[in-house]
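Accompanying notes for the structure given below.
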Amino acid sequence: MHLLRLILWALVYLLPTGSWADTVSVVIPRETALTRVFVEALASRMPMDTLDVQLLAKASVSDSASLLITLGHDALHWRLQQSSTTPTIAAYVTLDGLPQLPDSPYPASIQILLASAKPERQIRLAQLLIPRLDTIGLLFSEQQRWQKPFWQTAAIQQGVNLYAQAVSQQSELPRRLTDVLNESEVLIGLDDPVIYNAENLKTLLLTSYARNRVLIGPSAPFIAAGSLSTTYSSPENMADSILGLLQQEWQPGAIRYPERFSVLSNSQVAHSLGLPPPDDTELMRRIQAQEQNR
């Protein structure tokens, strides 16, 4: 019986989706334009499968589901409370809200697909936009200090220096921001709502641009507000990335960035800073080529 159980477990986690998935449950926090586009994109890419879309408030893990996809932090938290071993991909989770499980990894049945921008991609984007980039700047709150090593590793891989400052309290932000801008050519935002929020945005942007520095990221919504550019995953990108995960060997408890992504830039900001108008399609193509050749 023990051997049979091991064989069945391997079959569940190693077979690609086309071999075993016929009912896919999708748990969404609420119906929005983003969730509608995501579900439509997923349905178009899985035409042979049945999508069972559930609102989080009424969600349950169906016995007939071969795969469960959750969207957002609340849905991931709900899934972690379930005893089901149904393979699950938890999408649209950002690093700042990633649930921490003390002394244990995530369950083997769950993989997390982040909505956060991948550090290496953001740095590659900055290098393409800022000629001869030498040093990138980073601001983080004490709550998100744990993200710093990811950026340090990415900076080393991309051959640039990293100048980072922690902001312990709100009153420190202007001084820490000035220090970072004086020591770097670009400020790269990360998933840190203590710093990158509507209240601080004016200070971040005006101070940066007064020193002829640009803000990369931290996400697509910041572009319209005045950030220069960012990489991000659209709903279609996220659907493609999920299919990509299912075509690979299952990685129990893995935390991954989407393989598919897009670039979004603000041409007005580029013009005001004397930079060439960004070609988002070309930027994406060049970043993809660099990732494939690494």
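Here, A, B, ... name the chains of the structure tokens in the order displayed, residue numbers run from 1 inside each chain, and ligands are numbered from 1 in the same displayed order.
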
Counting only C-alpha atoms, give me one row per residue of stretch 190-226 of chain A with an atom at most 9 Å from an atom of stretch 114-122 of chain A, showing the shortest contact pair and its distance in Å to one decimal, sorted by chain then residue number, as CSV.
```
residue,atom,partner,partner_atom,distance
A:Leu190,CA,A:Ala117,CA,7.8
A:Asp191,CA,A:Ser116,CA,6.7
A:Ile216,CA,A:Gln122,CA,7.2
A:Gly217,CA,A:Gln122,CA,7.5
A:Pro218,CA,A:Ala117,CA,7.1
A:Ser219,CA,A:Ala117,CA,7.0
```

Using N, CA, C and O atoms, can you write the selected residues to a file as an mmCIF file, in the first residue's frame?
```cif
data_model
loop_
_atom_site.group_PDB
_atom_site.id
_atom_site.type_symbol
_atom_site.label_atom_id
_atom_site.label_comp_id
_atom_site.auth_asym_id
_atom_site.auth_seq_id
_atom_site.Cartn_x
_atom_site.Cartn_y
_atom_site.Cartn_z
ATOM 1 N N LEU A 190 10.042 48.593 -5.061
ATOM 2 C CA LEU A 190 9.707 47.202 -4.810
ATOM 3 C C LEU A 190 8.351 47.114 -4.114
ATOM 4 O O LEU A 190 7.772 48.134 -3.725
ATOM 5 N N ASP A 191 7.844 45.919 -3.973
ATOM 6 C CA ASP A 191 6.558 45.729 -3.304
ATOM 7 C C ASP A 191 6.728 46.040 -1.817
ATOM 8 O O ASP A 191 7.130 45.179 -1.025
ATOM 9 N N ILE A 216 11.723 53.362 -11.522
ATOM 10 C CA ILE A 216 11.323 52.146 -12.238
ATOM 11 C C ILE A 216 10.417 51.339 -11.321
ATOM 12 O O ILE A 216 10.778 51.029 -10.193
ATOM 13 N N GLY A 217 9.213 50.998 -11.811
ATOM 14 C CA GLY A 217 8.298 50.212 -10.997
ATOM 15 C C GLY A 217 7.540 51.062 -10.009
ATOM 16 O O GLY A 217 7.439 52.282 -10.169
ATOM 17 N N PRO A 218 7.019 50.450 -8.936
ATOM 18 C CA PRO A 218 7.131 49.018 -8.668
ATOM 19 C C PRO A 218 6.115 48.147 -9.400
ATOM 20 O O PRO A 218 6.270 46.924 -9.445
ATOM 21 N N SER A 219 5.063 48.765 -9.984
ATOM 22 C CA SER A 219 4.034 47.981 -10.655
ATOM 23 C C SER A 219 3.355 48.838 -11.716
ATOM 24 O O SER A 219 3.560 50.059 -11.786
#
```

Neighbour list for stretch 38-50 of chain A as a VMD selection string, cut-off 8 Å, only C-alpha atoms, skip fewer than 5 positions in-chain: chain A and resid 21 to 24 235 to 236 238 to 240 243

Which residue out of A:Arg30, A:Arg213, A:Arg132, A:Arg36 has the minimum interatomic distance to A:Gly274 when only C-alpha atoms are used? A:Arg213

Applying 12 Å and only C-alpha atoms, which residues near A:Gln170 remain after dropping the ones on its own chain fewer than 6 positions away? List them as a list in words. Phe140, Ser141, Glu142, Arg176, Leu177, Val194, Ile195, Tyr196, Asn197, Glu199, Asn200 and Thr203 of chain A

How would you write, as a ChimeraX atom specification, the set of residues in stretch 17-241 of chain A that DSSP gives as strand (DSSP E)? /A:23-28,50-55,67-71,88-93,110-114,135-141,161-167,186-188,214-216,229-232

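For stretch 282-290 of chain A, the set of protein, DNA and RNA residues having any atom at most 8 Å away, when counting only C-alpha atoms and skipping those fewer than 6 positions along the same chain, is Arg121, Arg124, Leu125, Leu128, Phe261, Ser262 and Val263 of chain A.
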
Written selection (N, CA and C atoms) as a short mmCIF file (atom, residue, chain, number, x, y, z; two decimals), in the first residue's frame:
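Produced file part-v8.cif, reproduced below:
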```cif
data_model
loop_
_atom_site.label_atom_id
_atom_site.label_comp_id
_atom_site.auth_asym_id
_atom_site.auth_seq_id
_atom_site.Cartn_x
_atom_site.Cartn_y
_atom_site.Cartn_z
N ARG A 121 14.62 41.37 -13.87
CA ARG A 121 13.95 42.03 -15.01
C ARG A 121 13.92 43.54 -14.83
N ARG A 124 17.36 44.81 -15.56
CA ARG A 124 17.63 44.78 -17.00
C ARG A 124 16.90 45.93 -17.69
N LEU A 125 15.66 46.17 -17.30
CA LEU A 125 14.90 47.28 -17.88
C LEU A 125 15.59 48.61 -17.61
N LEU A 128 18.55 49.11 -19.86
CA LEU A 128 18.20 49.44 -21.24
C LEU A 128 17.77 50.90 -21.37
N PHE A 261 5.78 38.07 -19.49
CA PHE A 261 5.64 39.40 -18.91
C PHE A 261 5.51 40.43 -20.03
N SER A 262 5.17 41.65 -19.65
CA SER A 262 5.07 42.77 -20.57
C SER A 262 5.85 43.95 -19.98
N VAL A 263 6.02 44.98 -20.79
CA VAL A 263 6.66 46.22 -20.34
C VAL A 263 5.67 47.36 -20.56
#
```

Tell me which of A:Ser168, A:Lys148, A:Gly253, A:Gly226 sits closest to A:Ala198, counting only C-alpha atoms. A:Gly226

Applying 8 Å and only C-alpha atoms, which residues near A:Ile242 remain after dropping the ones on its own chain fewer than 5 positions away? List them as a PDB file with C-alpha atoms, in the first residue's frame.
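Result file is selection_15.pdb:
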```pdb
ATOM      1  CA  ILE A  89      -1.270  27.320  -8.229  1.00  0.00           C
ATOM      2  CA  LEU A 113       3.095  32.426  -8.887  1.00  0.00           C
ATOM      3  CA  PRO A 258       5.837  34.450 -14.152  1.00  0.00           C
TER       4      PRO A 258
END
```

Would you please extract all alpha helix (DSSP H) residues from stretch 44-217 of chain A, as assigned by DSSP on the backbone, and give them as a PyMOL selection string? chain A and resi 44-45+73-80+119-129+148-158+173-183+198-210

Can you tell me, as number ranges by chain, what residues are no more than 6 Å from stretch 65-82 of chain A when counting only C-alpha atoms, ignoring any on the same chain fewer than 3 positions away? A: 21, 23-28, 62, 87-93
